[in-house]
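Visitor: As input, take entry_30.cif (mmCIF, C-alpha atoms):
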```cif
data_start
loop_
_atom_site.label_atom_id
_atom_site.label_comp_id
_atom_site.auth_asym_id
_atom_site.auth_seq_id
_atom_site.Cartn_x
_atom_site.Cartn_y
_atom_site.Cartn_z
CA MET G 1 92.06 48.18 -4.48
CA LEU G 2 91.79 46.13 -1.28
CA ALA G 3 93.57 48.86 0.67
CA GLU G 4 91.17 51.45 -0.74
CA LEU G 5 88.17 49.27 0.14
CA SER G 6 89.53 48.71 3.63
CA LEU G 7 89.85 52.48 4.04
CA TYR G 8 86.28 53.06 2.90
CA LEU G 9 84.94 50.35 5.21
CA SER G 10 86.41 52.30 8.12
CA PHE G 11 83.83 55.02 7.50
CA PRO G 12 80.80 54.37 9.73
CA PHE G 13 78.28 55.44 7.07
CA VAL G 14 79.63 52.76 4.71
CA ARG G 15 79.12 50.09 7.37
CA TYR G 16 75.61 51.46 8.05
CA ALA G 17 74.86 51.29 4.32
CA LEU G 18 75.98 47.67 4.10
CA ILE G 19 73.95 46.61 7.15
CA VAL G 20 70.77 48.31 5.96
CA SER G 21 71.18 47.16 2.37
CA VAL G 22 71.50 43.52 3.44
CA LEU G 23 68.30 43.75 5.48
CA ILE G 24 66.39 45.61 2.77
CA ALA G 25 67.57 43.20 0.08
CA LEU G 26 66.49 40.25 2.21
CA CYS G 27 63.02 41.67 2.86
CA SER G 28 62.44 42.83 -0.70
CA SER G 29 63.38 39.48 -2.20
CA LEU G 30 61.03 37.56 0.09
CA LEU G 31 58.17 39.96 -0.62
CA GLY G 32 59.10 39.89 -4.27
CA VAL G 33 58.33 36.17 -4.40
CA ILE G 34 54.73 36.92 -3.37
CA LEU G 35 54.37 39.81 -5.80
CA VAL G 36 55.75 37.93 -8.79
CA LEU G 37 53.70 34.80 -8.17
CA ARG G 38 50.52 36.83 -7.69
CA ARG G 39 51.36 38.85 -10.81
CA PHE G 40 51.57 42.10 -8.84
CA SER G 41 55.10 42.94 -10.07
CA HIS G 42 54.19 46.54 -10.85
CA LEU G 43 52.78 47.11 -7.41
CA GLY G 44 56.22 47.95 -5.99
CA ASP G 45 56.75 50.53 -8.69
CA GLY G 46 53.33 52.07 -8.08
CA LEU G 47 53.79 52.23 -4.32
CA SER G 48 57.24 53.78 -4.65
CA HIS G 49 55.82 56.57 -6.79
CA VAL G 50 53.11 57.18 -4.21
CA ALA G 51 55.82 57.24 -1.54
CA PHE G 52 57.71 59.83 -3.60
CA GLY G 53 54.59 62.01 -3.70
CA ALA G 54 54.18 61.62 0.05
CA MET G 55 57.85 62.46 0.59
CA ALA G 56 57.40 65.64 -1.44
CA ALA G 57 54.39 66.56 0.68
CA ALA G 58 56.38 65.93 3.85
CA SER G 59 59.29 68.11 2.75
CA VAL G 60 56.94 70.91 1.68
CA ALA G 61 55.25 70.65 5.08
CA GLY G 62 58.69 71.06 6.65
CA LEU G 63 58.63 67.76 8.51
CA LYS G 64 62.03 66.71 9.82
CA ASN G 65 61.10 63.04 9.69
CA ASP G 66 59.19 62.31 6.51
CA MET G 67 58.41 58.72 7.63
CA ALA G 68 55.47 60.12 9.58
CA ILE G 69 53.66 60.85 6.30
CA VAL G 70 55.34 58.51 3.84
CA LEU G 71 54.73 55.26 5.69
CA PRO G 72 51.01 55.72 6.47
CA VAL G 73 50.22 57.01 2.97
CA THR G 74 52.07 54.13 1.31
CA VAL G 75 50.44 51.57 3.59
CA ALA G 76 46.98 53.05 2.89
CA THR G 77 47.62 52.89 -0.85
CA ALA G 78 48.81 49.29 -0.64
CA VAL G 79 45.73 48.32 1.33
CA PHE G 80 43.49 50.07 -1.18
CA LEU G 81 45.12 48.32 -4.12
CA LEU G 82 45.19 44.88 -2.53
CA LYS G 83 42.02 44.97 -0.48
CA ASN G 84 40.02 41.80 -0.46
CA GLY G 85 42.56 39.97 -2.60
CA LYS G 86 41.44 39.44 -6.18
CA ARG G 87 38.37 41.60 -5.86
CA GLY G 88 40.57 44.55 -4.78
CA MET G 89 42.47 44.31 -8.06
CA ILE G 90 39.32 44.37 -10.20
CA LYS G 91 40.62 47.54 -11.85
CA GLY G 92 43.90 45.71 -12.48
CA ASP G 93 47.10 47.51 -13.44
CA ALA G 94 45.08 50.61 -14.44
CA ALA G 95 44.63 51.47 -10.76
CA ILE G 96 48.38 51.20 -10.16
CA ALA G 97 49.17 53.27 -13.24
CA MET G 98 46.66 55.94 -12.23
CA LEU G 99 47.84 56.31 -8.65
CA SER G 100 51.55 56.07 -9.36
CA THR G 101 51.67 58.61 -12.18
CA ALA G 102 49.41 61.05 -10.35
CA ALA G 103 51.50 60.81 -7.18
CA LEU G 104 54.75 61.25 -9.12
CA ALA G 105 53.38 64.27 -11.01
CA PHE G 106 51.92 65.93 -7.92
CA GLY G 107 55.06 65.25 -5.95
CA TYR G 108 57.31 66.89 -8.52
CA LEU G 109 54.83 69.76 -8.94
CA MET G 110 54.81 70.43 -5.20
CA MET G 111 58.60 70.40 -5.03
CA ASN G 112 58.74 72.97 -7.81
CA LEU G 113 55.99 75.22 -6.45
CA PHE G 114 57.23 75.07 -2.83
CA PRO G 115 60.96 74.38 -3.05
CA THR G 116 62.75 73.56 0.17
CA SER G 117 66.25 73.64 -1.28
CA GLY G 118 68.12 75.38 -4.06
CA ASN G 119 68.66 72.20 -6.04
CA ILE G 120 65.22 70.78 -6.85
CA SER G 121 66.39 68.65 -9.77
CA GLY G 122 69.16 67.20 -7.67
CA ASP G 123 66.83 66.32 -4.81
CA VAL G 124 64.34 64.72 -7.21
CA CYS G 125 67.09 62.85 -9.04
CA THR G 126 68.52 61.51 -5.80
CA THR G 127 65.10 60.33 -4.59
CA LEU G 128 64.18 58.76 -7.92
CA PHE G 129 67.47 56.98 -8.61
CA GLY G 130 68.96 56.50 -5.15
CA SER G 131 72.33 58.03 -5.94
CA THR G 132 73.88 58.27 -2.48
CA SER G 133 70.90 58.17 -0.09
CA ILE G 134 72.01 54.85 1.37
CA LEU G 135 75.42 56.37 2.20
CA THR G 136 74.00 59.24 4.24
CA LEU G 137 72.15 57.26 6.91
CA LYS G 138 72.47 58.23 10.54
CA ARG G 139 72.64 55.74 13.38
CA SER G 140 68.97 56.40 14.20
CA ASP G 141 68.02 55.63 10.59
CA VAL G 142 69.89 52.34 10.81
CA VAL G 143 68.08 51.41 14.01
CA LEU G 144 64.68 52.23 12.48
CA CYS G 145 65.41 50.37 9.24
CA SER G 146 66.73 47.38 11.16
CA ALA G 147 63.67 47.26 13.42
CA LEU G 148 61.27 47.42 10.49
CA SER G 149 63.24 44.84 8.52
CA PHE G 150 63.32 42.40 11.42
CA ALA G 151 59.58 42.88 11.88
CA VAL G 152 59.01 42.06 8.20
CA LEU G 153 61.22 38.97 8.40
CA LEU G 154 59.51 37.80 11.56
CA ILE G 155 56.06 38.17 9.99
CA TYR G 156 57.21 36.25 6.91
CA ILE G 157 58.63 33.41 8.98
CA LEU G 158 55.69 33.21 11.40
CA PHE G 159 53.01 33.29 8.70
CA TYR G 160 54.97 31.47 5.99
CA GLU G 161 52.40 28.71 5.51
CA LYS G 162 49.42 31.06 5.31
CA ILE G 163 51.29 33.34 2.89
CA PHE G 164 52.17 30.29 0.81
CA ALA G 165 48.52 29.17 0.70
CA ILE G 166 47.16 32.60 -0.24
CA THR G 167 49.84 33.13 -2.88
CA PHE G 168 49.08 29.93 -4.80
CA ASP G 169 45.35 29.49 -4.35
CA GLU G 170 43.51 32.19 -2.47
CA ASP G 171 40.06 30.68 -3.07
CA PHE G 172 41.11 27.30 -1.74
CA ALA G 173 42.78 28.94 1.24
CA LYS G 174 39.54 30.80 1.99
CA ALA G 175 37.51 27.62 1.61
CA THR G 176 39.74 25.89 4.16
CA GLY G 177 39.05 28.60 6.72
CA VAL G 178 42.01 30.96 6.24
CA ASP G 179 41.04 34.58 6.85
CA THR G 180 42.35 35.77 3.47
CA ALA G 181 41.19 39.37 3.94
CA ARG G 182 43.28 39.72 7.10
CA TYR G 183 46.36 38.11 5.55
CA ASN G 184 46.02 40.23 2.40
CA LEU G 185 45.93 43.28 4.64
CA LEU G 186 49.05 42.06 6.42
CA ILE G 187 50.83 41.45 3.11
CA ALA G 188 49.81 44.92 1.89
CA VAL G 189 51.24 46.57 5.02
CA VAL G 190 54.48 44.60 4.80
CA ILE G 191 54.92 45.38 1.10
CA ALA G 192 54.41 49.09 1.78
CA VAL G 193 57.02 49.04 4.56
CA VAL G 194 59.54 47.26 2.35
CA VAL G 195 58.95 49.69 -0.53
CA VAL G 196 59.53 52.70 1.73
CA LEU G 197 62.74 51.16 3.09
CA ALA G 198 63.95 50.14 -0.37
CA MET G 199 63.62 53.71 -1.66
CA ASN G 200 66.73 54.59 0.37
CA LEU G 201 68.66 51.89 -1.43
CA VAL G 202 67.72 52.12 -5.09
CA GLY G 203 65.38 55.10 -5.35
CA SER G 204 61.75 55.18 -6.45
CA LEU G 205 62.17 54.28 -10.09
CA LEU G 206 64.29 51.17 -9.59
CA ILE G 207 62.43 49.47 -6.75
CA SER G 208 60.69 47.03 -9.07
CA ALA G 209 64.06 45.64 -10.06
CA LEU G 210 64.95 44.95 -6.43
CA LEU G 211 61.65 43.14 -5.91
CA VAL G 212 61.50 41.24 -9.17
CA PHE G 213 64.96 40.35 -10.50
CA PRO G 214 66.14 38.10 -7.63
CA VAL G 215 62.89 36.13 -7.79
CA LEU G 216 63.00 35.71 -11.56
CA SER G 217 66.63 34.62 -11.32
CA ALA G 218 65.79 32.05 -8.66
CA MET G 219 62.84 30.76 -10.69
CA ARG G 220 65.25 30.01 -13.54
CA LEU G 221 67.07 27.58 -11.25
CA PHE G 222 64.48 26.17 -8.86
CA ALA G 223 60.84 25.12 -8.97
CA SER G 224 59.79 24.88 -5.33
CA PHE G 225 58.49 27.90 -3.40
CA ARG G 226 60.95 27.38 -0.54
CA ASN G 227 64.01 27.04 -2.78
CA VAL G 228 62.97 30.05 -4.85
CA SER G 229 62.54 32.12 -1.68
CA VAL G 230 65.91 31.11 -0.24
CA PHE G 231 67.85 31.58 -3.44
CA ALA G 232 66.13 34.88 -4.24
CA ALA G 233 67.20 36.14 -0.83
CA LEU G 234 70.80 35.04 -1.41
CA ILE G 235 70.94 36.66 -4.85
CA SER G 236 69.38 39.87 -3.59
CA VAL G 237 71.80 40.21 -0.67
CA PHE G 238 74.80 39.39 -2.86
CA CYS G 239 73.80 41.96 -5.49
CA ALA G 240 73.08 44.65 -2.90
CA VAL G 241 76.48 44.24 -1.24
CA ALA G 242 78.33 43.87 -4.55
CA GLY G 243 76.49 46.87 -5.98
CA ILE G 244 77.40 49.10 -3.07
CA LEU G 245 81.06 48.04 -3.07
CA ILE G 246 81.36 48.44 -6.85
CA SER G 247 79.69 51.85 -6.76
CA ILE G 248 82.03 53.00 -3.99
CA LEU G 249 85.14 51.85 -5.84
CA ALA G 250 84.05 52.82 -9.35
CA SER G 251 82.20 56.06 -8.47
CA THR G 252 78.90 54.94 -9.96
CA PRO G 253 75.38 55.65 -8.63
CA VAL G 254 74.51 53.09 -5.96
CA GLY G 255 70.94 52.27 -7.05
CA SER G 256 71.77 51.73 -10.71
CA THR G 257 74.81 49.60 -9.88
CA ILE G 258 72.78 47.30 -7.66
CA VAL G 259 70.14 46.86 -10.36
CA ALA G 260 72.85 46.23 -12.96
CA CYS G 261 74.24 43.45 -10.74
CA ASP G 262 70.74 41.98 -10.42
CA PHE G 263 70.38 42.01 -14.19
CA VAL G 264 73.74 40.32 -14.77
CA ILE G 265 72.84 37.56 -12.31
CA PHE G 266 69.47 37.17 -14.02
CA LEU G 267 71.22 36.70 -17.38
CA LEU G 268 73.58 34.11 -15.87
CA CYS G 269 70.69 32.22 -14.31
CA THR G 270 68.79 32.34 -17.59
CA VAL G 271 71.75 30.92 -19.50
CA PHE G 272 72.64 28.18 -17.03
CA GLY G 273 69.21 27.58 -15.53
CA ARG G 274 66.76 24.74 -15.95
CA ASN G 275 64.79 26.60 -18.62
CA GLY G 276 67.86 27.91 -20.54
CA MET X 1 68.65 29.94 -27.23
CA LYS X 2 71.72 29.44 -25.05
CA LYS X 3 74.23 30.37 -27.78
CA PRO X 4 73.13 33.97 -28.40
CA PHE X 5 72.98 34.52 -24.65
CA LEU X 6 76.48 33.12 -24.21
CA ILE X 7 77.80 35.40 -26.93
CA PHE X 8 76.03 38.39 -25.41
CA LEU X 9 77.44 37.53 -22.01
CA LEU X 10 80.98 37.23 -23.36
CA VAL X 11 80.71 40.63 -25.04
CA PHE X 12 79.21 42.13 -21.85
CA MET X 13 81.99 40.70 -19.66
CA CYS X 14 84.68 41.98 -22.05
CA GLY X 15 83.15 45.41 -21.86
CA CYS X 16 83.05 45.26 -18.07
CA SER X 17 86.69 44.22 -17.85
CA ALA X 18 87.93 47.29 -19.74
CA LYS X 19 89.53 49.57 -17.21
CA LYS X 20 89.68 53.32 -17.26
CA GLU X 21 93.18 54.63 -17.11
CA GLU X 22 93.67 56.51 -13.91
CA VAL X 23 96.61 58.33 -12.46
CA PRO X 24 97.70 56.24 -9.49
CA PRO X 25 97.25 58.04 -6.15
CA ALA X 26 101.00 58.04 -5.44
CA GLU X 27 101.67 60.43 -8.32
CA LYS X 28 99.06 62.90 -7.09
CA GLU X 29 100.29 62.71 -3.50
CA GLU X 30 103.81 63.82 -4.48
CA GLU X 31 102.49 67.19 -5.59
CA VAL X 32 100.93 68.00 -2.23
CA GLU X 33 103.00 68.81 0.82
CA GLU X 34 101.48 67.29 3.92
CA THR X 35 101.93 69.69 6.79
CA GLU X 36 99.79 67.76 9.26
CA THR X 37 98.17 64.35 9.65
CA THR X 38 94.99 63.93 7.63
CA ASP X 39 92.17 62.13 9.41
CA VAL X 40 89.84 61.92 6.40
CA ASP X 41 91.58 61.87 3.02
CA LEU X 42 89.18 62.40 0.12
CA SER X 43 91.74 63.76 -2.29
CA PHE X 44 91.81 60.62 -4.40
CA GLY X 45 89.57 57.65 -5.17
CA SER X 46 85.82 57.37 -5.15
CA GLN X 47 83.65 60.35 -6.04
CA THR X 48 80.75 58.52 -4.42
CA ILE X 49 82.55 58.32 -1.10
CA THR X 50 83.74 61.92 -1.31
CA TYR X 51 80.25 63.20 -1.92
CA ALA X 52 78.75 60.99 0.78
CA THR X 53 81.40 62.00 3.33
CA ILE X 54 80.92 65.71 2.67
CA SER X 55 77.13 65.20 2.96
CA ASN X 56 77.63 63.50 6.31
CA ILE X 57 79.97 66.23 7.58
CA LEU X 58 77.49 68.94 6.63
CA GLU X 59 74.57 66.98 8.09
CA ASP X 60 76.27 66.06 11.36
CA PRO X 61 79.46 68.09 11.88
CA GLN X 62 79.76 67.10 15.55
CA GLU X 63 80.83 63.61 14.45
CA TYR X 64 83.80 65.12 12.61
CA MET X 65 84.59 68.08 14.87
CA GLY X 66 88.31 68.76 15.13
CA ARG X 67 89.24 66.20 12.48
CA THR X 68 91.43 67.13 9.52
CA VAL X 69 89.82 66.65 6.13
CA LYS X 70 91.56 66.68 2.79
CA MET X 71 89.48 66.88 -0.37
CA LEU X 72 89.67 67.48 -4.08
CA GLY X 73 87.09 69.81 -5.58
CA THR X 74 86.33 72.96 -7.50
CA TYR X 75 86.75 76.31 -5.80
CA ARG X 76 83.81 78.68 -5.94
CA GLN X 77 83.08 81.88 -4.09
CA PHE X 78 79.67 83.35 -3.39
CA TYR X 79 78.58 86.70 -2.01
CA SER X 80 75.61 87.16 0.32
CA GLU X 81 73.92 90.54 0.31
CA THR X 82 71.96 89.60 3.44
CA TYR X 83 75.07 89.10 5.55
CA ASP X 84 77.42 91.22 3.39
CA THR X 85 79.99 88.47 3.34
CA TYR X 86 81.80 86.16 0.94
CA TYR X 87 81.61 82.39 1.22
CA TYR X 88 84.54 80.35 -0.01
CA VAL X 89 83.53 76.86 -0.99
CA CYS X 90 85.10 73.68 -2.36
CA MET X 91 82.46 71.96 -4.52
CA VAL X 92 82.14 68.21 -5.21
CA THR X 93 79.55 66.39 -7.33
CA ASP X 94 78.00 62.96 -6.89
CA ALA X 95 78.36 60.07 -9.33
CA THR X 96 75.40 61.15 -11.46
CA ALA X 97 76.72 64.75 -11.49
CA CYS X 98 73.20 66.02 -10.90
CA CYS X 99 73.90 66.96 -7.29
CA SER X 100 76.72 68.94 -5.79
CA GLN X 101 77.84 69.73 -2.28
CA GLY X 102 80.02 72.58 -1.12
CA MET X 103 82.37 72.48 1.85
CA GLU X 104 82.92 76.01 3.08
CA PHE X 105 86.41 76.86 4.24
CA LYS X 106 88.48 79.72 5.66
CA LEU X 107 92.16 79.95 4.85
CA LYS X 108 94.90 80.68 7.36
CA GLU X 109 95.64 84.37 8.00
CA GLY X 110 97.55 86.01 5.18
CA SER X 111 96.68 83.42 2.53
CA SER X 112 95.08 84.34 -0.75
CA TYR X 113 92.18 82.44 -2.22
CA PRO X 114 92.38 80.61 -5.56
CA LEU X 115 90.75 81.71 -8.79
CA ASP X 116 87.04 80.94 -9.15
CA GLY X 117 86.57 77.60 -10.88
CA GLN X 118 90.04 76.21 -10.14
CA GLN X 119 90.45 72.58 -9.11
CA ILE X 120 92.13 72.47 -5.73
CA ILE X 121 93.21 69.99 -3.10
CA LEU X 122 92.02 71.49 0.15
CA GLN X 123 92.96 70.54 3.70
CA GLY X 124 91.50 71.93 6.89
CA THR X 125 89.99 71.15 10.28
CA VAL X 126 86.24 70.69 10.73
CA ASP X 127 84.56 73.33 12.85
CA VAL X 128 81.17 75.06 13.04
CA TYR X 129 79.97 78.65 13.16
CA GLN X 130 76.61 80.25 13.73
CA GLU X 131 74.87 82.56 11.31
CA GLY X 132 71.35 83.65 12.03
CA ASP X 133 69.51 80.74 13.64
CA TYR X 134 71.61 78.00 12.08
CA TRP X 135 74.98 76.36 12.60
CA TYR X 136 77.16 75.60 9.61
CA ALA X 137 80.14 73.31 9.17
CA PHE X 138 83.33 74.61 7.59
CA LEU X 139 87.05 73.85 7.38
CA LYS X 140 89.12 76.25 9.46
CA ASP X 141 92.84 77.08 9.14
CA ALA X 142 92.64 75.60 5.67
CA ASP X 143 95.41 75.29 3.14
CA TYR X 144 95.23 74.37 -0.51
CA LYS X 145 97.22 73.40 -3.58
CA VAL X 146 96.08 73.90 -7.14
CA TYR X 147 95.41 70.51 -8.70
#
```
Can you turn what I pasted into structure tokens?
Guide:
Amino acid sequence: MLAELSLYLSFPFVRYALIVSVLIALCSSLLGVILVLRRFSHLGDGLSHVAFGAMAAASVAGLKNDMAIVLPVTVATAVFLLKNGKRGMIKGDAAIAMLSTAALAFGYLMMNLFPTSGNISGDVCTTLFGSTSILTLKRSDVVLCSALSFAVLLIYILFYEKIFAITFDEDFAKATGVDTARYNLLIAVVIAVVVVLAMNLVGSLLISALLVFPVLSAMRLFASFRNVSVFAALISVFCAVAGILISILASTPVGSTIVACDFVIFLLCTVFGRNG
Amino acid sequence: MKKPFLIFLLVFMCGCSAKKEEVPPAEKEEEVEETETTDVDLSFGSQTITYATISNILEDPQEYMGRTVKMLGTYRQFYSETYDTYYYVCMVTDATACCSQGMEFKLKEGSSYPLDGQQIILQGTVDVYQEGDYWYAFLKDADYKVY
């Protein structure tokens, strides 16, 4: 098995997949902490469906690089849903449900009405479940993903204290002079970027798992925000790497395998954690 | 609360440890005569890697130009009325089996093609050809064995 793994690691696209998956897992876990604590867990799911719709529009339009449409549309949707903090979510999860299902339906409809390949179901399935997308990255994709991931990490580190304040008590943060509207906008943009990146790893339907499971696992073991963030990142990276290696060796879909690993770790943390 | 979870976990781990019986690669290799060095051997092992490698070759053939590829797949042939030509393809599916890729190939002079639908182990050298406005990757001077 080790010899086989060593052979597969000699393929450049496998190394690209591991590099990108580590960065995406790191970013998604850190952003996941914010989403879970603010009770926006479904936001990742909603945004990924909107991104799917945008991706369908981009492929119908014949764009070689769909990021030109997907990223701005997803960012705009995130801003719309999160605008002005609590007041932006006045319609609650209904707004997410409305946008995500409509985008998913319109996306699939467009791909059927204006097909760009002979295998529509296959293309949809791959985008929704992330079968092998992460294993078909080019060098330029890796550079772009890496740049965006590093930007997300930098923003998180630089604005850690403000993000912490807004996450736990937005009203108090505002009262103490923090420009909550600006930081909510920043969080919305960062979440949208992470969701678009994570679609390559686990597909549209499973993104919530990547955002939520590592955080929930960490919360079973630790109580402080910092410890939860660090441990969520470690779990997420471990599961992403383990998921890719297992899927390569066992011929399983990459996205589902990663999520399965996340779930197993969550069970272990639940059993052996402080609340178990 | 912990007990049911522990039991569930034990059952889950037992299920995960059950291995599928597979024919070890060495047995398959004996059936195939290697006439040249293979740079990329996809004839055994992970379906995920095979599918991903074929996708990468088709997407960016320049990276693999001149390299010998060996793969296991299903032979299919297709006829194009537009170009009045047959295409001979070795098909592979991904792990979910919802997607499939085909690596086109051309056998050495004088060779006959397999029966449609046969599983074959194919070996050939990556090259490209132009048809219409597009360039396509294929395996030239290919050879095969029925699997």
Visitor: Residues of chain X that have any atom at most 7 Å from an atom of chain G: could you tabulate them with the shortest-distance atom pair and the distance in Å to one decimal, using all atoms listed in the file, ordered by chain and increasing number, as a Markdown table?
Guide:
```
| residue | atom | partner | partner_atom | distance |
| --- | --- | --- | --- | --- |
| X:Lys2 | CA | G:Val271 | CA | 5.7 |
| X:Phe5 | CA | G:Val271 | CA | 6.4 |
| X:Ser46 | CA | G:Ser251 | CA | 5.1 |
| X:Gln47 | CA | G:Ser251 | CA | 5.1 |
| X:Thr48 | CA | G:Ser251 | CA | 5.0 |
| X:Ile49 | CA | G:Ile248 | CA | 6.1 |
| X:Ala52 | CA | G:Leu135 | CA | 5.9 |
| X:Ser55 | CA | G:Thr136 | CA | 6.9 |
| X:Asn56 | CA | G:Thr136 | CA | 6.0 |
| X:Ala95 | CA | G:Thr252 | CA | 5.2 |
| X:Thr96 | CA | G:Pro253 | CA | 6.2 |
| X:Cys98 | CA | G:Gly122 | CA | 5.3 |
| X:Cys99 | CA | G:Gly122 | CA | 4.8 |
```
Visitor: Just checking: using only C-alpha atoms, which residue out of X:Asp133, X:Asp39, X:Asp141, X:Asp84 ends up closest to Phe105 in chain X?
Guide: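 Of X:Asp133, X:Asp39, X:Asp141, X:Asp84, the one nearest Phe105 in chain X, counting only C-alpha atoms, is X:Asp141.
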Visitor: Residue by residue, what does the PyMOL selection byres ((chain X and resi 139) around 6) grab here? Present the result as a ChimeraX atom specification.
Guide: /X:105,124-126,138,140
Visitor: Go ahead and save the residues from that selection, with C-alpha atoms, as a PDB file, in the coordinates of the input.
Guide:
```pdb
ATOM      1  CA  PHE X 105      86.410  76.860   4.240  1.00  0.00           C
ATOM      2  CA  GLY X 124      91.500  71.930   6.890  1.00  0.00           C
ATOM      3  CA  THR X 125      89.990  71.150  10.280  1.00  0.00           C
ATOM      4  CA  VAL X 126      86.240  70.690  10.730  1.00  0.00           C
ATOM      5  CA  PHE X 138      83.330  74.610   7.590  1.00  0.00           C
ATOM      6  CA  LYS X 140      89.120  76.250   9.460  1.00  0.00           C
TER       7      LYS X 140
END
```
Visitor: Around range 40-59 of chain X, with edges along x, y and z and 8 Å added on all six sides, what centre and edge lengths do you get, in Å to one decimal, as JSON?
Guide:
```
{"center_x": 83.2, "center_y": 63.2, "center_z": 1.0, "size_x": 33.2, "size_y": 27.6, "size_z": 30.1}
```
Visitor: Might you spell out which residues the PyMOL selection byres ((chain G and resi 54) around 9) would select in the displayed file, as an MDAnalysis selection string?
Guide: chainID G and resid 49:53 55:59 66 69:71 73:74 103 107
Visitor: Generate the missing atoms of range 40-53 of chain X up to N, CA, C and O atoms and report them as a CSV table (one decimal), in the frame of the given file.
Guide:
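Output file result_3.csv follows:
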```csv
chain,number,residue,atom,x,y,z
X,40,VAL,N,90.8,62.4,7.5
X,40,VAL,CA,89.8,61.9,6.4
X,40,VAL,C,90.4,62.4,5.1
X,40,VAL,O,90.3,63.6,4.8
X,41,ASP,N,91.0,61.5,4.3
X,41,ASP,CA,91.6,61.9,3.0
X,41,ASP,C,90.6,61.5,1.9
X,41,ASP,O,90.4,60.4,1.5
X,42,LEU,N,90.1,62.6,1.3
X,42,LEU,CA,89.2,62.4,0.1
X,42,LEU,C,89.8,62.9,-1.2
X,42,LEU,O,89.1,63.2,-2.1
X,43,SER,N,91.1,63.1,-1.1
X,43,SER,CA,91.7,63.8,-2.3
X,43,SER,C,91.9,62.8,-3.5
X,43,SER,O,92.3,63.3,-4.5
X,44,PHE,N,91.7,61.5,-3.3
X,44,PHE,CA,91.8,60.6,-4.4
X,44,PHE,C,90.7,59.6,-4.2
X,44,PHE,O,90.1,59.4,-3.2
X,45,GLY,N,90.5,58.8,-5.3
X,45,GLY,CA,89.6,57.6,-5.2
X,45,GLY,C,88.1,58.0,-5.5
X,45,GLY,O,87.9,58.8,-6.3
X,46,SER,N,87.2,57.4,-4.8
X,46,SER,CA,85.8,57.4,-5.2
X,46,SER,C,85.1,58.7,-5.0
X,46,SER,O,85.1,59.3,-3.9
X,47,GLN,N,84.5,59.1,-6.1
X,47,GLN,CA,83.6,60.4,-6.0
X,47,GLN,C,82.4,60.1,-5.2
X,47,GLN,O,81.9,61.0,-4.5
X,48,THR,N,81.9,58.9,-5.2
X,48,THR,CA,80.8,58.5,-4.4
X,48,THR,C,81.0,58.7,-2.9
X,48,THR,O,80.2,59.3,-2.2
X,49,ILE,N,82.2,58.2,-2.5
X,49,ILE,CA,82.6,58.3,-1.1
X,49,ILE,C,82.8,59.8,-0.7
X,49,ILE,O,82.4,60.2,0.4
X,50,THR,N,83.5,60.5,-1.6
X,50,THR,CA,83.7,61.9,-1.3
X,50,THR,C,82.4,62.7,-1.1
X,50,THR,O,82.3,63.4,-0.1
X,51,TYR,N,81.5,62.5,-2.0
X,51,TYR,CA,80.2,63.2,-1.9
X,51,TYR,C,79.5,62.8,-0.7
X,51,TYR,O,79.0,63.6,0.1
X,52,ALA,N,79.5,61.5,-0.4
X,52,ALA,CA,78.8,61.0,0.8
X,52,ALA,C,79.4,61.5,2.1
X,52,ALA,O,78.7,61.9,3.0
X,53,THR,N,80.7,61.5,2.1
X,53,THR,CA,81.4,62.0,3.3
X,53,THR,C,81.1,63.5,3.6
X,53,THR,O,80.8,63.9,4.7
```
